[in-house]
file start.txt (compact mmCIF, C-alpha atoms)
# COMPACT_ATOMS: atom_id res chain seq x y z
CA MET A 2 -1.41 48.18 185.24
CA SER A 3 -5.11 48.93 185.18
CA ASP A 4 -4.54 50.51 181.78
CA LEU A 5 -3.15 47.23 180.50
CA LEU A 6 -6.09 45.36 182.00
CA ALA A 7 -8.50 47.75 180.33
CA LEU A 8 -6.65 47.24 177.04
CA PHE A 9 -6.81 43.46 177.48
CA VAL A 10 -10.53 43.31 178.29
CA GLY A 11 -11.14 45.95 175.66
CA ILE A 12 -9.76 43.92 172.79
CA ALA A 13 -10.92 40.54 174.12
CA LEU A 14 -14.57 41.53 174.66
CA VAL A 15 -15.56 45.15 174.10
CA ASN A 16 -13.81 45.61 170.76
CA ASN A 17 -13.76 41.93 169.88
CA PHE A 18 -12.09 41.34 166.53
CA VAL A 19 -14.82 39.19 165.08
CA LEU A 20 -18.09 40.39 166.53
CA VAL A 21 -17.42 44.11 166.90
CA GLN A 22 -14.73 44.94 164.36
CA PHE A 23 -15.88 42.27 161.87
CA LEU A 24 -12.36 41.09 161.18
CA GLY A 25 -11.48 37.45 160.59
CA LEU A 26 -14.98 36.46 159.54
CA CYS A 27 -13.84 33.77 157.12
CA PRO A 28 -12.35 31.42 159.72
CA TYR A 29 -15.23 32.39 162.03
CA VAL A 30 -17.79 30.99 159.60
CA GLY A 31 -15.52 28.48 157.86
CA THR A 32 -14.08 26.57 160.80
CA SER A 33 -16.94 26.75 163.26
CA GLN A 34 -18.97 23.80 162.04
CA ARG A 35 -17.48 21.51 164.64
CA LEU A 36 -15.62 22.11 167.89
CA GLU A 37 -12.81 19.84 166.80
CA THR A 38 -11.92 22.22 163.98
CA ALA A 39 -12.61 25.38 165.97
CA ILE A 40 -10.17 24.54 168.74
CA PRO A 41 -7.08 23.90 166.55
CA MET A 42 -7.95 27.05 164.59
CA THR A 43 -8.08 29.01 167.83
CA LEU A 44 -4.71 27.69 168.92
CA ALA A 45 -3.08 28.29 165.55
CA THR A 46 -4.45 31.82 165.33
CA ALA A 47 -3.34 32.72 168.85
CA PHE A 48 0.12 31.38 168.12
CA VAL A 49 0.49 33.31 164.89
CA MET A 50 -1.02 36.47 166.36
CA VAL A 51 1.56 36.66 169.12
CA LEU A 52 4.44 35.78 166.81
CA THR A 53 3.52 38.21 164.03
CA THR A 54 2.90 40.98 166.55
CA LEU A 55 6.52 40.72 167.65
CA LEU A 56 7.74 40.71 164.07
CA THR A 57 5.54 43.37 162.50
CA HIS A 58 5.98 45.66 165.49
CA SER A 59 9.76 45.62 165.20
CA LEU A 60 9.56 45.74 161.40
CA TYR A 61 7.50 48.89 161.60
CA ASN A 62 9.48 50.66 164.30
CA PHE A 63 12.99 49.64 163.33
CA LEU A 64 12.73 49.61 159.54
CA LEU A 65 9.76 51.47 158.12
CA VAL A 66 9.70 54.45 160.51
CA PRO A 67 13.44 55.26 160.27
CA LEU A 68 13.18 55.09 156.48
CA GLY A 69 10.03 57.19 156.43
CA LEU A 70 8.21 54.41 154.58
CA GLU A 71 5.23 54.02 156.94
CA TYR A 72 2.88 53.91 153.95
CA LEU A 73 4.39 50.55 152.95
CA ARG A 74 3.10 48.95 156.14
CA ILE A 75 0.26 46.94 154.59
CA ILE A 76 2.42 45.22 151.99
CA ALA A 77 5.30 44.77 154.44
CA PHE A 78 3.02 43.27 157.08
CA ILE A 79 1.39 40.88 154.63
CA PHE A 80 4.88 39.84 153.61
CA ALA A 81 5.88 39.27 157.21
CA ILE A 82 2.69 37.41 158.14
CA ALA A 83 2.85 35.09 155.15
CA SER A 84 6.50 34.30 155.84
CA VAL A 85 5.94 33.71 159.55
CA VAL A 86 3.06 31.37 158.81
CA GLN A 87 5.12 29.48 156.26
CA MET A 88 8.13 29.18 158.56
CA THR A 89 5.93 28.14 161.47
CA GLU A 90 4.39 25.44 159.34
CA ILE A 91 7.75 24.05 158.24
CA TYR A 92 9.05 24.17 161.78
CA ILE A 93 6.01 22.51 163.34
CA ARG A 94 5.95 19.80 160.70
CA GLN A 95 9.55 19.02 161.56
CA ILE A 96 9.28 19.26 165.34
CA SER A 97 5.87 17.76 166.02
CA PRO A 98 4.04 15.93 163.23
CA VAL A 99 1.13 15.37 165.63
CA LEU A 100 0.64 19.08 166.21
CA HIS A 101 1.05 19.65 162.48
CA GLN A 102 -1.70 17.18 161.74
CA LEU A 103 -3.92 18.76 164.38
CA LEU A 104 -3.53 22.25 162.95
CA GLY A 105 -3.66 20.84 159.44
CA ILE A 106 -4.87 23.27 156.81
CA TYR A 107 -5.73 25.90 159.39
CA LEU A 108 -2.17 27.09 159.72
CA PRO A 109 -1.72 28.16 156.07
CA LEU A 110 -5.26 29.55 156.12
CA ILE A 111 -4.21 32.08 158.73
CA THR A 112 -2.12 33.90 156.12
CA SER A 113 -5.30 35.39 154.77
CA ASN A 114 -6.93 36.00 158.15
CA CYS A 115 -7.65 39.70 158.20
CA ALA A 116 -7.80 39.77 162.00
CA ILE A 117 -4.03 39.21 161.98
CA LEU A 118 -3.42 42.04 159.54
CA GLY A 119 -5.87 44.27 161.41
CA LEU A 120 -4.05 43.53 164.63
CA ALA A 121 -0.66 44.28 163.07
CA LEU A 122 -1.91 47.58 161.68
CA THR A 123 -3.55 48.59 164.95
CA ILE A 124 -0.62 47.92 167.23
CA ALA A 125 2.15 49.21 164.98
CA GLU A 126 2.50 52.46 166.92
CA PHE A 127 1.86 51.06 170.42
CA PRO A 128 4.74 50.44 172.83
CA LEU A 129 5.82 46.82 172.57
CA TYR A 130 4.40 45.63 175.92
CA GLU A 131 1.01 47.14 175.12
CA ALA A 132 1.16 45.55 171.69
CA MET A 133 1.77 42.12 173.25
CA VAL A 134 -1.10 42.54 175.72
CA TYR A 135 -3.32 43.62 172.84
CA ALA A 136 -2.29 40.61 170.74
CA ILE A 137 -2.89 38.12 173.54
CA GLY A 138 -6.22 39.73 174.39
CA GLY A 139 -7.22 39.70 170.74
CA ALA A 140 -6.28 36.04 170.39
CA LEU A 141 -8.26 35.19 173.51
CA GLY A 142 -11.27 37.11 172.26
CA PHE A 143 -11.08 35.40 168.87
CA GLY A 144 -10.83 32.03 170.61
CA ILE A 145 -13.77 32.63 172.95
CA VAL A 146 -16.01 33.75 170.13
CA LEU A 147 -14.98 30.97 167.76
CA VAL A 148 -15.41 28.19 170.33
CA ALA A 149 -18.73 29.61 171.53
CA PHE A 150 -20.00 29.87 167.96
CA ALA A 151 -18.85 26.34 167.14
CA SER A 152 -20.69 24.99 170.19
CA LEU A 153 -23.75 26.90 169.10
CA ARG A 154 -23.61 25.47 165.60
CA GLU A 155 -23.18 21.95 166.93
CA ARG A 156 -26.38 22.43 168.92
CA LEU A 157 -28.13 23.88 165.87
CA GLN A 158 -27.50 20.68 163.93
CA SER A 159 -29.86 18.71 166.16
CA GLU A 160 -32.64 21.30 166.07
CA THR A 161 -35.61 21.31 163.75
CA ILE A 162 -35.11 24.38 161.62
CA PRO A 163 -37.45 25.58 158.85
CA ARG A 164 -36.07 24.39 155.56
CA PRO A 165 -35.08 27.79 154.06
CA PHE A 166 -33.01 28.57 157.16
CA ARG A 167 -31.07 25.32 157.37
CA GLY A 168 -27.28 25.39 157.14
CA THR A 169 -25.60 28.71 156.48
CA PRO A 170 -28.58 31.09 156.93
CA VAL A 171 -29.27 30.02 160.49
CA ALA A 172 -25.54 30.11 161.26
CA LEU A 173 -25.33 33.67 160.00
CA LEU A 174 -28.39 34.60 162.07
CA ALA A 175 -26.77 33.05 165.12
CA ALA A 176 -23.59 35.02 164.41
CA GLY A 177 -25.67 38.18 164.20
CA PHE A 178 -27.28 37.49 167.57
CA MET A 179 -23.86 36.81 169.08
CA ALA A 180 -22.70 40.17 167.75
CA LEU A 181 -25.74 41.78 169.37
CA ALA A 182 -24.86 40.11 172.65
CA PHE A 183 -21.31 41.37 172.40
CA ALA A 184 -22.62 44.86 171.76
CA GLY A 185 -23.73 44.66 175.38
CA PHE A 186 -20.07 44.82 176.44
CA ARG A 187 -19.99 48.35 175.07
CA GLY A 188 -21.22 49.50 178.46
CA MET A 189 -17.97 48.31 180.03
CA GLY A 190 -15.95 50.78 178.01
CA MET B 5 12.37 63.94 139.00
CA SER B 6 15.32 62.85 141.04
CA LEU B 7 13.06 62.83 144.13
CA VAL B 8 10.74 60.36 142.44
CA VAL B 9 13.67 58.19 141.44
CA GLN B 10 14.99 58.33 144.98
CA GLU B 11 11.65 57.30 146.45
CA VAL B 12 11.19 54.48 143.98
CA LEU B 13 14.69 53.26 144.78
CA ARG B 14 14.05 53.44 148.50
CA VAL B 15 10.79 51.53 148.25
CA GLY B 16 12.26 49.03 145.83
CA LEU B 17 15.30 48.37 147.98
CA THR B 18 13.22 48.04 151.16
CA LEU B 19 10.87 45.54 149.57
CA ALA B 20 13.80 43.69 148.05
CA LEU B 21 15.43 43.53 151.47
CA LEU B 22 12.26 42.14 153.00
CA GLY B 23 12.01 39.63 150.19
CA VAL B 24 15.57 38.48 150.63
CA VAL B 25 15.24 38.23 154.42
CA PHE B 26 11.93 36.40 154.49
CA GLY B 27 12.53 34.35 151.37
CA GLY B 28 15.98 33.42 152.60
CA GLY B 29 14.53 32.52 155.98
CA ILE B 30 11.99 30.19 154.43
CA LEU B 31 14.61 28.71 152.14
CA LEU B 32 17.03 28.07 155.00
CA LEU B 33 14.32 26.60 157.16
CA SER B 34 12.98 24.29 154.48
CA GLY B 35 16.53 23.26 153.64
CA TRP B 36 17.08 22.44 157.28
CA ALA B 37 13.80 20.53 157.42
CA ALA B 38 14.67 18.59 154.26
CA SER B 39 18.08 17.66 155.66
CA LYS B 40 16.42 16.30 158.81
CA ARG B 41 13.95 14.19 156.92
CA PRO B 42 15.18 10.73 156.06
CA VAL B 43 15.62 10.68 152.30
CA ASN B 44 14.40 7.99 149.98
CA ARG B 45 12.79 5.81 152.60
CA LEU B 46 11.76 2.39 151.40
CA ALA B 47 8.16 3.14 152.39
CA ASP B 48 8.21 6.28 150.23
CA ARG B 49 9.50 4.36 147.24
CA ILE B 50 6.80 1.73 147.75
CA ASN B 51 4.25 4.48 148.14
CA ASP B 52 5.30 5.91 144.77
CA LEU B 53 4.36 2.62 143.12
CA LEU B 54 0.90 2.44 144.67
CA PRO B 55 -2.06 3.89 142.76
CA GLN B 56 -2.88 6.51 145.45
CA ILE B 57 -6.62 6.16 145.26
CA GLN B 58 -6.84 5.49 149.03
CA CYS B 59 -9.51 2.82 148.65
CA ALA B 60 -8.34 0.90 151.74
CA LYS B 61 -9.12 -2.46 150.12
CA CYS B 62 -5.75 -3.75 151.32
CA GLY B 63 -6.99 -3.50 154.88
CA TYR B 64 -4.94 -0.42 155.69
CA PRO B 65 -6.46 3.04 155.93
CA GLY B 66 -4.70 4.32 152.83
CA CYS B 67 -1.81 3.91 150.43
CA LEU B 68 0.91 5.34 152.67
CA PRO B 69 0.03 3.16 155.69
CA TYR B 70 0.02 0.14 153.37
CA ALA B 71 3.40 1.18 151.95
CA GLU B 72 4.80 1.37 155.45
CA ALA B 73 3.36 -2.05 156.25
CA VAL B 74 4.93 -3.54 153.10
CA ALA B 75 8.26 -2.00 154.04
CA SER B 76 8.11 -3.80 157.34
CA GLY B 77 7.14 -7.16 155.87
CA GLU B 78 3.47 -7.15 154.82
CA ARG B 79 2.52 -9.00 151.63
CA ALA B 80 2.93 -6.88 148.51
CA ASP B 81 -0.04 -8.24 146.57
CA LEU B 82 -2.97 -6.84 148.49
CA CYS B 83 -3.70 -3.87 146.26
CA PRO B 84 -6.64 -4.65 143.92
CA PRO B 85 -6.67 -1.31 142.06
CA GLY B 86 -2.97 -1.67 141.39
CA GLY B 87 -3.55 -5.13 140.04
CA ARG B 88 -0.91 -7.57 139.00
CA GLU B 89 1.47 -4.90 137.64
CA THR B 90 1.73 -3.20 141.00
CA ALA B 91 2.25 -6.49 142.77
CA ILE B 92 5.08 -7.37 140.38
CA ALA B 93 6.67 -3.94 140.65
CA LEU B 94 6.55 -4.11 144.43
CA ALA B 95 7.98 -7.62 144.47
CA GLU B 96 10.86 -6.46 142.25
CA LEU B 97 11.51 -3.47 144.46
CA MET B 98 11.55 -5.61 147.56
CA GLY B 99 13.59 -8.36 145.91
CA ARG B 100 10.96 -10.91 146.76
CA PRO B 101 9.74 -13.77 144.57
CA ILE B 102 6.80 -12.75 142.47
CA ALA B 103 3.84 -14.43 144.05
CA GLU B 104 0.70 -15.60 142.39
CA PRO B 105 -2.07 -12.99 142.64
CA SER B 106 -3.70 -13.31 146.01
CA GLU B 107 -7.39 -13.93 146.53
CA THR B 108 -8.27 -10.26 146.75
CA MET B 109 -6.71 -9.80 143.35
CA ALA B 110 -8.16 -12.94 141.83
CA THR B 111 -11.65 -11.66 142.43
CA ASN B 112 -11.24 -9.00 139.82
CA THR B 113 -14.57 -7.27 140.08
CA VAL B 114 -16.15 -4.10 138.81
CA ALA B 115 -19.11 -2.17 140.13
CA PHE B 116 -22.41 -2.38 138.31
CA ILE B 117 -25.26 0.09 138.79
CA ASP B 118 -28.79 -1.18 138.35
CA GLU B 119 -30.14 1.80 136.47
CA SER B 120 -33.77 0.88 137.13
CA LYS B 121 -33.17 1.32 140.85
CA CYS B 122 -30.77 4.26 140.74
CA VAL B 123 -32.38 7.46 142.03
CA GLY B 124 -29.65 9.74 140.73
CA CYS B 125 -28.46 11.00 144.10
CA ALA B 126 -24.85 11.37 142.86
CA LEU B 127 -23.47 10.23 146.23
CA CYS B 128 -21.44 7.46 144.62
CA ILE B 129 -19.95 9.86 142.06
CA SER B 130 -18.20 11.92 144.68
CA GLU B 131 -17.08 8.78 146.47
CA CYS B 132 -15.41 7.16 143.44
CA PRO B 133 -11.65 7.71 143.68
CA VAL B 134 -11.01 7.10 139.97
CA ASP B 135 -14.03 8.97 138.52
CA ALA B 136 -15.35 5.80 136.95
CA ILE B 137 -19.01 6.69 137.57
CA VAL B 138 -20.74 8.97 135.11
CA GLY B 139 -24.07 10.68 135.59
CA ALA B 140 -25.59 13.75 137.07
CA GLU B 141 -27.97 14.54 139.87
CA ARG B 142 -31.47 13.17 139.17
CA PHE B 143 -30.18 11.09 136.27
CA ALA B 144 -29.29 7.44 136.43
CA HIS B 145 -25.57 6.79 136.76
CA THR B 146 -23.45 4.14 135.18
CA VAL B 147 -19.98 2.72 135.60
CA ILE B 148 -17.15 2.94 133.10
CA ILE B 149 -15.89 -0.61 133.39
CA ASP B 150 -12.43 0.17 132.04
CA HIS B 151 -11.84 2.72 134.79
CA CYS B 152 -13.45 0.88 137.68
CA THR B 153 -10.97 -0.75 140.04
CA GLY B 154 -13.56 -2.66 142.03
CA CYS B 155 -12.67 -0.86 145.23
CA GLU B 156 -16.28 -1.02 146.48
CA LEU B 157 -16.13 2.46 147.97
CA CYS B 158 -19.37 3.37 146.18
CA VAL B 159 -21.35 0.45 147.62
CA PRO B 160 -21.93 1.65 151.21
CA VAL B 161 -22.94 5.20 150.20
CA CYS B 162 -25.73 4.13 147.85
CA PRO B 163 -29.06 4.84 149.61
CA VAL B 164 -31.02 2.37 147.49
CA ASP B 165 -28.42 -0.42 147.30
CA CYS B 166 -28.39 -0.48 143.53
CA ILE B 167 -24.64 -1.13 143.15
CA ASP B 168 -23.42 -4.71 142.80
CA LEU B 169 -19.98 -6.03 142.15
CA ASN B 170 -19.77 -8.31 139.15
CA ALA B 171 -16.89 -10.28 137.80
CA LYS B 172 -15.03 -8.29 135.21
CA VAL B 173 -15.95 -9.52 131.76
CA ALA B 174 -13.19 -9.22 129.26
CA HIS B 175 -14.41 -7.36 126.22
CA ALA B 176 -12.83 -6.26 123.05

call {"tool": "encode", "arguments": {"input": "start.txt", "output": "structure tokens"}}
result
Amino acid sequence: MSDLLALFVGIALVNNFVLVQFLGLCPYVGTSQRLETAIPMTLATAFVMVLTTLLTHSLYNFLLVPLGLEYLRIIAFIFAIASVVQMTEIYIRQISPVLHQLLGIYLPLITSNCAILGLALTIAEFPLYEAMVYAIGGALGFGIVLVAFASLRERLQSETIPRPFRGTPVALLAAGFMALAFAGFRGMG
Amino acid sequence: MSLVVQEVLRVGLTLALLGVVFGGGILLLSGWAASKRPVNRLADRINDLLPQIQCAKCGYPGCLPYAEAVASGERADLCPPGGRETAIALAELMGRPIAEPSETMATNTVAFIDESKCVGCALCISECPVDAIVGAERFAHTVIIDHCTGCELCVPVCPVDCIDLNAKVAHA
């Protein structure tokens, strides 16, 4: 049990996907301009992370390992992730147009989110329950960081910033400082 | 040699299997979604006739909302960019008598940029839904009258208020 907790905190904070492993940086910078885009992105990513973990984990252990084709995992996982995202989008559009509108373009964008692929590659050889804990922790960590960064950038918009630093440069600096702060969690490991 | 062939076959078949499973899944799901969606709604057919420039001059936020309003009884002649042709096409589709052009349509206007006041900010260019404004940043812009639909979307974004709407002058 404490192992699982350590795994959970480990991936959520200590080995955070975005700020420590530098995975999933494109949605981190791209969707963090406003909270109202960061929150749907967080939800969509968490949803897809948990779903693809189930799928890629069983794909790896029940298809690729028995066939001795482990080296195909990257292409197979990308295949699986893209299909899951596509199916999820079709399903959500049919079931709840409101949710579909809320997630908007962020759902298809997740196909190319490397945090999802990184997660799938990391957990492929874990036992399933550990993989699920890892996925949920990773999604939570991604969400925390994205929402915190979006709040930060909203505050930055009302600050007086020297002209050369306005916009993206100051956002990247802020991201760097956040990564430094997260480096502090290293001590917990 | 035969080992290589075997491996290629194995990989090929595995990927083909994945493709069939996932592709088939998507196909089935989209087929299911398409069967659930009401086909050929009146609003969709109306929407197909509208110009899709989303200027909101009709008083609705865009073309699809206006199409839905027309389907449930709104007047069909409120679309200035569509002009008289659209109004007639809509009236035919709805089986309604073809009305005289309404007031919004009668005031057939086009935008005019006062080039002596224009500062070349290019804000109006990105706002124009039909690309009827030519110019570049830091150069004065002008309007291509034949393309302008008089939707007025460029007026509020102009920082120096140099855009007016003039009556369309017929020219050869």

call {"tool": "residues_around", "arguments": {"input": "start.txt", "residues": "Leu181 in chain A", "least_positions_apart": "5", "cutoff": "10 Å", "atoms": "all atoms listed in the file", "output": "PyMOL selection string"}}
result
chain A and resi 20-21+175-176+186

call {"tool": "interface_residues", "arguments": {"input": "start.txt", "of": "chain B", "to": "chain A", "cutoff": "9 Å", "atoms": "only C-alpha atoms", "output": "JSON, numbers by chain"}}
result
{"B": [14, 15, 18, 19, 22, 23, 26, 27, 29, 30, 33, 34, 37, 38, 40, 41]}

call {"tool": "write_last_selection", "arguments": {"input": "start.txt", "atoms": "C-alpha atoms", "output": "mmCIF file, in the coordinates of the input"}}
result
data_model
loop_
_atom_site.group_PDB
_atom_site.id
_atom_site.type_symbol
_atom_site.label_atom_id
_atom_site.label_comp_id
_atom_site.auth_asym_id
_atom_site.auth_seq_id
_atom_site.Cartn_x
_atom_site.Cartn_y
_atom_site.Cartn_z
ATOM 1 C CA ARG B 14 14.050 53.440 148.500
ATOM 2 C CA VAL B 15 10.790 51.530 148.250
ATOM 3 C CA THR B 18 13.220 48.040 151.160
ATOM 4 C CA LEU B 19 10.870 45.540 149.570
ATOM 5 C CA LEU B 22 12.260 42.140 153.000
ATOM 6 C CA GLY B 23 12.010 39.630 150.190
ATOM 7 C CA PHE B 26 11.930 36.400 154.490
ATOM 8 C CA GLY B 27 12.530 34.350 151.370
ATOM 9 C CA GLY B 29 14.530 32.520 155.980
ATOM 10 C CA ILE B 30 11.990 30.190 154.430
ATOM 11 C CA LEU B 33 14.320 26.600 157.160
ATOM 12 C CA SER B 34 12.980 24.290 154.480
ATOM 13 C CA ALA B 37 13.800 20.530 157.420
ATOM 14 C CA ALA B 38 14.670 18.590 154.260
ATOM 15 C CA LYS B 40 16.420 16.300 158.810
ATOM 16 C CA ARG B 41 13.950 14.190 156.920
#

call {"tool": "closest_residue", "arguments": {"input": "start.txt", "among": "A:Val66, A:Ala116, A:Ile145, A:Val86", "to": "Leu26 in chain A", "atoms": "all atoms listed in the file"}}
result
A:Ala116

call {"tool": "closest_residue", "arguments": {"input": "start.txt", "among": "A:Phe63, A:Tyr107, A:Tyr72, A:Phe18", "to": "Val49 in chain A", "atoms": "only C-alpha atoms"}}
result
A:Tyr107

call {"tool": "residues_around", "arguments": {"input": "start.txt", "residues": "Gly138 in chain A", "least_positions_apart": "4", "cutoff": "8 Å", "atoms": "all atoms listed in the file", "output": "list of chain:residue names"}}
result
A:Leu8, A:Phe9, A:Val10, A:Ile12, A:Ala13, A:Val134, A:Gly142

call {"tool": "write_last_selection", "arguments": {"input": "start.txt", "atoms": "C-alpha atoms", "output": "short mmCIF file (atom, residue, chain, number, x, y, z; two decimals), keeping the file's coordinate frame"}}
result
data_model
loop_
_atom_site.label_atom_id
_atom_site.label_comp_id
_atom_site.auth_asym_id
_atom_site.auth_seq_id
_atom_site.Cartn_x
_atom_site.Cartn_y
_atom_site.Cartn_z
CA LEU A 8 -6.65 47.24 177.04
CA PHE A 9 -6.81 43.46 177.48
CA VAL A 10 -10.53 43.31 178.29
CA ILE A 12 -9.76 43.92 172.79
CA ALA A 13 -10.92 40.54 174.12
CA VAL A 134 -1.10 42.54 175.72
CA GLY A 142 -11.27 37.11 172.26
#

call {"tool": "atom_distance", "arguments": {"input": "start.txt", "atom1": "CA of Asn170 in chain B", "atom2": "CA of Thr113 in chain B"}}
result
5.4 Å

call {"tool": "atom_distance", "arguments": {"input": "start.txt", "atom1": "CA of Ala172 in chain A", "atom2": "CA of Leu153 in chain A"}}
result
8.7 Å

call {"tool": "atom_distance", "arguments": {"input": "start.txt", "atom1": "CA of Gly185 in chain A", "atom2": "CA of Thr43 in chain A"}}
result
23.4 Å

call {"tool": "closest_residue", "arguments": {"input": "start.txt", "among": "A:Val19, A:Leu55, A:Ala149, A:Ala132", "to": "Asn114 in chain A", "atoms": "all atoms listed in the file"}}
result
A:Val19
